[in-house]
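First comes the structure, then the notes that go with it.
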Amino acid sequence: MKVAIASDHTALPMKDEIKSELEELKIEFVDLGPFSIERVDYPDFALKVVELVASGEVDKGILICGTGIGMSIMANKVKGIRCALAHDTFSAKYTRLHNDSNVLALGQRVIGHGLAREIVNVWLNTEYEAGRHAVRVQKIADYENERN
Ligand code: RB5
């Protein structure tokens, strides 16, 4: 599995923390920035990640901003992206089981680093259940295909 990760300037410390978790999990990743505390716009960094996910160059994406909300709004504009904003492990688990989410959004200002690492761990280690959920996920894809 290969993961792409990015944040905005507010979330650099949490990005570093998540990178340590990925290293511990021995999961290959690419850090798409930013690499300094200079102000940036979260939509630009969300797009860097989700375009790699949408093209299949990476399997999953992780996005971090102050709340995680701006990143998730931008990510979900892109066809094929199912981005989940999850600040608890239950949601992280079930968004993989039921929604087959391919991008996770987190808020640096919302939760601590320990919980963020746990959420990433659960999210990356939970497989999509498919079955009855596949019909629902397909409806999302059908809507995207009809609109684009
Ligand atoms: C940046 O100030 C802040 O708006 C951003 O990190 C994020 O929280 C947006 O949703």
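Please note that chains go A, B, ... in the order of the structure tokens, that every chain numbers its residues from 1, and that ligands are numbered from 1 in the order shown.
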Open item on the list: as a list in words, please: every residue in range 13-115 of chain A that DSSP puts in strand (DSSP E or B).
Closed with: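 The residues of range 13-115 of chain A classed as strand (DSSP E or B) are Glu28, Phe29, Val30, Asp31, Lys60, Gly61, Ile62, Leu63, Ile64, Cys65, Cys83, Ala84, Leu85, Val103, Leu104, Ala105, Leu106 and Gly107 of chain A.
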File dump, residues just selected, all heavy atoms, as a short mmCIF file (atom, residue, chain, number, x, y, z; two decimals), in the first residue's frame:
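Dumped to result04.cif:
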```cif
data_model
loop_
_atom_site.label_atom_id
_atom_site.label_comp_id
_atom_site.auth_asym_id
_atom_site.auth_seq_id
_atom_site.Cartn_x
_atom_site.Cartn_y
_atom_site.Cartn_z
N GLU A 28 4.54 2.61 2.97
CA GLU A 28 5.22 3.56 2.08
C GLU A 28 4.35 4.80 1.92
O GLU A 28 3.12 4.70 1.76
CB GLU A 28 5.43 2.88 0.71
CG GLU A 28 6.31 3.65 -0.23
CD GLU A 28 6.38 3.02 -1.61
OE1 GLU A 28 5.86 1.90 -1.80
OE2 GLU A 28 6.95 3.66 -2.50
N PHE A 29 4.98 5.98 1.95
CA PHE A 29 4.19 7.20 1.77
C PHE A 29 4.99 8.27 1.03
O PHE A 29 6.22 8.22 0.98
CB PHE A 29 3.71 7.76 3.12
CG PHE A 29 4.80 8.22 4.04
CD1 PHE A 29 5.28 9.52 3.96
CD2 PHE A 29 5.36 7.35 4.96
CE1 PHE A 29 6.28 9.95 4.81
CE2 PHE A 29 6.38 7.77 5.80
CZ PHE A 29 6.84 9.08 5.73
N VAL A 30 4.24 9.23 0.48
CA VAL A 30 4.86 10.39 -0.14
C VAL A 30 4.27 11.62 0.55
O VAL A 30 3.05 11.73 0.70
CB VAL A 30 4.65 10.40 -1.67
CG1 VAL A 30 3.19 10.28 -2.06
CG2 VAL A 30 5.25 11.63 -2.29
N ASP A 31 5.15 12.52 1.00
CA ASP A 31 4.74 13.77 1.66
C ASP A 31 4.69 14.86 0.60
O ASP A 31 5.72 15.23 0.03
CB ASP A 31 5.75 14.10 2.77
CG ASP A 31 5.39 15.38 3.51
OD1 ASP A 31 4.42 16.06 3.12
OD2 ASP A 31 6.11 15.70 4.47
N LYS A 60 -4.19 5.44 -1.00
CA LYS A 60 -4.99 6.21 -0.05
C LYS A 60 -4.32 7.56 0.22
O LYS A 60 -3.12 7.73 -0.02
CB LYS A 60 -5.13 5.45 1.26
CG LYS A 60 -6.03 4.23 1.19
CD LYS A 60 -6.37 3.73 2.57
CE LYS A 60 -7.38 2.59 2.50
NZ LYS A 60 -6.81 1.36 1.98
N GLY A 61 -5.12 8.50 0.75
CA GLY A 61 -4.60 9.82 1.07
C GLY A 61 -4.95 10.23 2.48
O GLY A 61 -6.00 9.81 3.01
N ILE A 62 -4.09 11.05 3.07
CA ILE A 62 -4.35 11.60 4.40
C ILE A 62 -4.14 13.11 4.31
O ILE A 62 -3.09 13.57 3.82
CB ILE A 62 -3.43 10.98 5.47
CG1 ILE A 62 -3.68 9.47 5.56
CG2 ILE A 62 -3.67 11.65 6.84
CD1 ILE A 62 -2.74 8.72 6.49
N LEU A 63 -5.14 13.88 4.77
CA LEU A 63 -5.13 15.33 4.69
C LEU A 63 -5.35 15.92 6.08
O LEU A 63 -6.24 15.48 6.80
CB LEU A 63 -6.26 15.80 3.77
CG LEU A 63 -6.17 15.35 2.31
CD1 LEU A 63 -7.48 15.64 1.59
CD2 LEU A 63 -5.01 16.04 1.63
N ILE A 64 -4.56 16.93 6.42
CA ILE A 64 -4.69 17.53 7.75
C ILE A 64 -4.69 19.06 7.60
O ILE A 64 -3.78 19.63 6.98
CB ILE A 64 -3.52 17.12 8.67
CG1 ILE A 64 -3.22 15.62 8.54
CG2 ILE A 64 -3.84 17.46 10.12
CD1 ILE A 64 -1.82 15.26 8.94
N CYS A 65 -5.70 19.69 8.18
CA CYS A 65 -5.69 21.16 8.29
C CYS A 65 -6.13 21.49 9.72
O CYS A 65 -6.07 20.62 10.59
CB CYS A 65 -6.55 21.82 7.22
SG CYS A 65 -8.30 21.47 7.26
N CYS A 83 -13.79 10.99 0.82
CA CYS A 83 -12.97 11.48 1.94
C CYS A 83 -13.81 11.51 3.21
O CYS A 83 -14.90 12.08 3.23
CB CYS A 83 -12.45 12.88 1.62
SG CYS A 83 -11.54 13.62 2.99
N ALA A 84 -13.28 10.93 4.28
CA ALA A 84 -13.96 10.90 5.57
C ALA A 84 -13.21 11.76 6.58
O ALA A 84 -12.00 11.59 6.77
CB ALA A 84 -14.05 9.47 6.08
N LEU A 85 -13.93 12.67 7.19
CA LEU A 85 -13.39 13.45 8.31
C LEU A 85 -13.71 12.63 9.57
O LEU A 85 -14.87 12.44 9.90
CB LEU A 85 -14.08 14.81 8.36
CG LEU A 85 -13.78 15.72 9.55
CD1 LEU A 85 -12.31 16.10 9.59
CD2 LEU A 85 -14.66 16.96 9.48
N VAL A 103 -9.74 8.52 1.36
CA VAL A 103 -8.98 9.65 1.92
C VAL A 103 -9.50 9.91 3.33
O VAL A 103 -10.71 9.83 3.59
CB VAL A 103 -9.14 10.92 1.04
CG1 VAL A 103 -8.40 12.09 1.67
CG2 VAL A 103 -8.63 10.66 -0.37
N LEU A 104 -8.57 10.18 4.24
CA LEU A 104 -8.90 10.50 5.63
C LEU A 104 -8.52 11.95 5.90
O LEU A 104 -7.40 12.37 5.57
CB LEU A 104 -8.11 9.58 6.56
CG LEU A 104 -8.22 9.85 8.07
CD1 LEU A 104 -9.62 9.52 8.59
CD2 LEU A 104 -7.18 9.02 8.84
N ALA A 105 -9.43 12.71 6.49
CA ALA A 105 -9.13 14.09 6.87
C ALA A 105 -9.12 14.21 8.39
O ALA A 105 -9.96 13.63 9.08
CB ALA A 105 -10.16 15.05 6.28
N LEU A 106 -8.14 14.97 8.89
CA LEU A 106 -7.97 15.16 10.33
C LEU A 106 -7.77 16.64 10.65
O LEU A 106 -7.25 17.39 9.82
CB LEU A 106 -6.73 14.40 10.81
CG LEU A 106 -6.77 12.88 10.72
CD1 LEU A 106 -5.37 12.31 10.91
CD2 LEU A 106 -7.73 12.29 11.74
N GLY A 107 -8.14 17.04 11.86
CA GLY A 107 -7.98 18.42 12.29
C GLY A 107 -6.96 18.55 13.40
O GLY A 107 -7.16 18.03 14.50
#
```
Open item on the list: Could you list the protein, DNA and RNA residues that have any atom within 8 Å of ligand 1, counting only C-alpha atoms and all ligand atoms, and write them as a PyMOL selection string?
Closed with: chain A and resi 8-11+41-42+64-71+107+109
Selected residues written out, N, CA and C atoms, as an mmCIF file, in the first residue's frame:
```cif
data_model
loop_
_atom_site.group_PDB
_atom_site.id
_atom_site.type_symbol
_atom_site.label_atom_id
_atom_site.label_comp_id
_atom_site.auth_asym_id
_atom_site.auth_seq_id
_atom_site.Cartn_x
_atom_site.Cartn_y
_atom_site.Cartn_z
ATOM 1 N N ASP A 8 -1.910 21.719 5.725
ATOM 2 C CA ASP A 8 -1.652 23.131 5.463
ATOM 3 C C ASP A 8 -0.665 23.605 6.529
ATOM 4 N N HIS A 9 -0.396 24.909 6.549
ATOM 5 C CA HIS A 9 0.632 25.438 7.470
ATOM 6 C C HIS A 9 0.251 25.258 8.945
ATOM 7 N N THR A 10 -1.061 25.156 9.233
ATOM 8 C CA THR A 10 -1.489 25.023 10.636
ATOM 9 C C THR A 10 -1.241 23.625 11.188
ATOM 10 N N ALA A 11 -1.028 22.670 10.308
ATOM 11 C CA ALA A 11 -1.050 21.268 10.732
ATOM 12 C C ALA A 11 0.266 20.534 10.522
ATOM 13 N N ASP A 41 -2.808 27.627 1.146
ATOM 14 C CA ASP A 41 -4.253 27.426 1.067
ATOM 15 C C ASP A 41 -4.554 25.932 1.024
ATOM 16 N N TYR A 42 -5.377 25.478 1.971
ATOM 17 C CA TYR A 42 -5.627 24.031 2.083
ATOM 18 C C TYR A 42 -6.169 23.392 0.787
ATOM 19 N N ILE A 64 -4.556 16.925 6.418
ATOM 20 C CA ILE A 64 -4.686 17.534 7.747
ATOM 21 C C ILE A 64 -4.685 19.057 7.602
ATOM 22 N N CYS A 65 -5.702 19.695 8.178
ATOM 23 C CA CYS A 65 -5.690 21.158 8.289
ATOM 24 C C CYS A 65 -6.130 21.493 9.716
ATOM 25 N N GLY A 66 -6.533 22.721 9.968
ATOM 26 C CA GLY A 66 -6.889 23.086 11.332
ATOM 27 C C GLY A 66 -8.033 22.251 11.874
ATOM 28 N N THR A 67 -9.090 22.161 11.082
ATOM 29 C CA THR A 67 -10.263 21.383 11.495
ATOM 30 C C THR A 67 -10.414 20.082 10.715
ATOM 31 N N GLY A 68 -9.765 19.984 9.589
ATOM 32 C CA GLY A 68 -9.972 18.856 8.672
ATOM 33 C C GLY A 68 -11.146 19.101 7.733
ATOM 34 N N ILE A 69 -11.937 20.114 8.024
ATOM 35 C CA ILE A 69 -13.183 20.324 7.265
ATOM 36 C C ILE A 69 -12.902 20.868 5.864
ATOM 37 N N GLY A 70 -12.070 21.907 5.781
ATOM 38 C CA GLY A 70 -11.777 22.472 4.459
ATOM 39 C C GLY A 70 -11.164 21.437 3.537
ATOM 40 N N MET A 71 -10.230 20.675 4.070
ATOM 41 C CA MET A 71 -9.582 19.616 3.278
ATOM 42 C C MET A 71 -10.621 18.613 2.777
ATOM 43 N N GLY A 107 -8.136 17.035 11.857
ATOM 44 C CA GLY A 107 -7.978 18.419 12.290
ATOM 45 C C GLY A 107 -6.958 18.554 13.402
ATOM 46 N N ARG A 109 -6.336 21.050 15.152
ATOM 47 C CA ARG A 109 -6.833 21.819 16.287
ATOM 48 C C ARG A 109 -7.933 21.094 17.056
#
```
Open item on the list: With only C-alpha atoms as the counted atoms, please give the residues lying no more than 8 Å from Val120 in chain A, apart from itself and same-chain residues fewer than 3 positions off, as a PyMOL selection string.
Closed with: chain A and resi 18+21+92+104+116-117+123-124
Task: Minimum-distance residue to Arg39 in chain A, chosen among A:Ala4, A:Leu25, A:Met74, A:Leu12 (using only C-alpha atoms) - done: A:Leu12
Open item on the list: What's around range 131-137 of chain A at 12 Å? Count only C-alpha atoms, leave out sequence neighbours fewer than 5 positions away in its own chain, and write the answer as a ChimeraX atom specification.
Closed with: /A:80-82,94-102,142-144
What would the file look like if the residues just selected were written as a PDB file, in the first residue's frame with C-alpha atoms?
```pdb
ATOM      1  CA  GLY A  80     -13.666   8.931  -7.255  1.00  0.00           C
ATOM      2  CA  ILE A  81     -12.719  10.444  -3.910  1.00  0.00           C
ATOM      3  CA  ARG A  82     -14.534   9.371  -0.778  1.00  0.00           C
ATOM      4  CA  TYR A  94     -16.792   2.197   9.907  1.00  0.00           C
ATOM      5  CA  THR A  95     -15.939   4.596   7.126  1.00  0.00           C
ATOM      6  CA  ARG A  96     -13.583   1.928   5.800  1.00  0.00           C
ATOM      7  CA  LEU A  97     -16.034  -0.950   6.387  1.00  0.00           C
ATOM      8  CA  HIS A  98     -19.083   0.774   4.926  1.00  0.00           C
ATOM      9  CA  ASN A  99     -17.967   3.701   2.721  1.00  0.00           C
ATOM     10  CA  ASP A 100     -14.665   2.365   1.373  1.00  0.00           C
ATOM     11  CA  SER A 101     -13.233   5.827   2.092  1.00  0.00           C
ATOM     12  CA  ASN A 102      -9.991   6.387   0.237  1.00  0.00           C
ATOM     13  CA  ASP A 142     -23.197   6.528 -10.553  1.00  0.00           C
ATOM     14  CA  TYR A 143     -24.086  10.085  -9.526  1.00  0.00           C
ATOM     15  CA  GLU A 144     -20.525  11.236 -10.251  1.00  0.00           C
TER      16      GLU A 144
END
```
Open item on the list: Can you measure CA of Lys77 in chain A to CA of Ala46 in chain A for me? One decimal in Å is fine.
Closed with: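 Spanning CA of Lys77 in chain A to CA of Ala46 in chain A is a straight-line distance of 10.4 Å.
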- [ ] Would you please work out which residue, of A:Lys139, A:Asn145, A:Asn121, A:Asp44, is nearest to Glu24 in chain A when using only C-alpha atoms?
- [x]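 Among the listed residues, the smallest separation from Glu24 in chain A belongs to A:Asn121.
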Open item on the list: DSSP on the backbone: which residues in range 55-88 of chain A end up as alpha helix (DSSP H)? Give the answer as a PyMOL selection string.
Closed with: chain A and resi 55+69-75
Could you write out that same residue set with C-alpha atoms as a PDB file, in the first residue's frame?
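Result file is selection33.pdb:
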```
ATOM      1  CA  SER A  55      -5.371   8.499 -10.735  1.00  0.00           C
ATOM      2  CA  ILE A  69     -13.183  20.324   7.265  1.00  0.00           C
ATOM      3  CA  GLY A  70     -11.777  22.472   4.459  1.00  0.00           C
ATOM      4  CA  MET A  71      -9.582  19.616   3.278  1.00  0.00           C
ATOM      5  CA  SER A  72     -12.514  17.192   3.265  1.00  0.00           C
ATOM      6  CA  ILE A  73     -14.789  19.602   1.365  1.00  0.00           C
ATOM      7  CA  MET A  74     -12.158  20.076  -1.353  1.00  0.00           C
ATOM      8  CA  ALA A  75     -11.272  16.383  -1.533  1.00  0.00           C
TER       9      ALA A  75
END
```
Open item on the list: So the first atom is CA of Leu47 in chain A and the second is CA of Gly114 in chain A; what is the distance between them in Å, to one decimal place?
Closed with: 26.3 Å
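Of the residues listed (A:Glu57, A:Gln108, A:Val78, A:Leu32), A:Gln108 shows the shortest atom-to-atom separation from Pro13 in chain A; distances use only C-alpha atoms.
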Task: Neighbour list for Thr89 in chain A as a list in words, cut-off 7 Å, only C-alpha atoms, skip fewer than 2 positions in-chain - done: His87, Ser91, Ala92, Lys93, Ile119 and Val122 of chain A
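Of the listed residues A:Asn125, A:Lys79, A:Val53, A:Leu115, the one whose atoms come nearest to Arg147 in chain A is A:Lys79, with distances taken using only C-alpha atoms.
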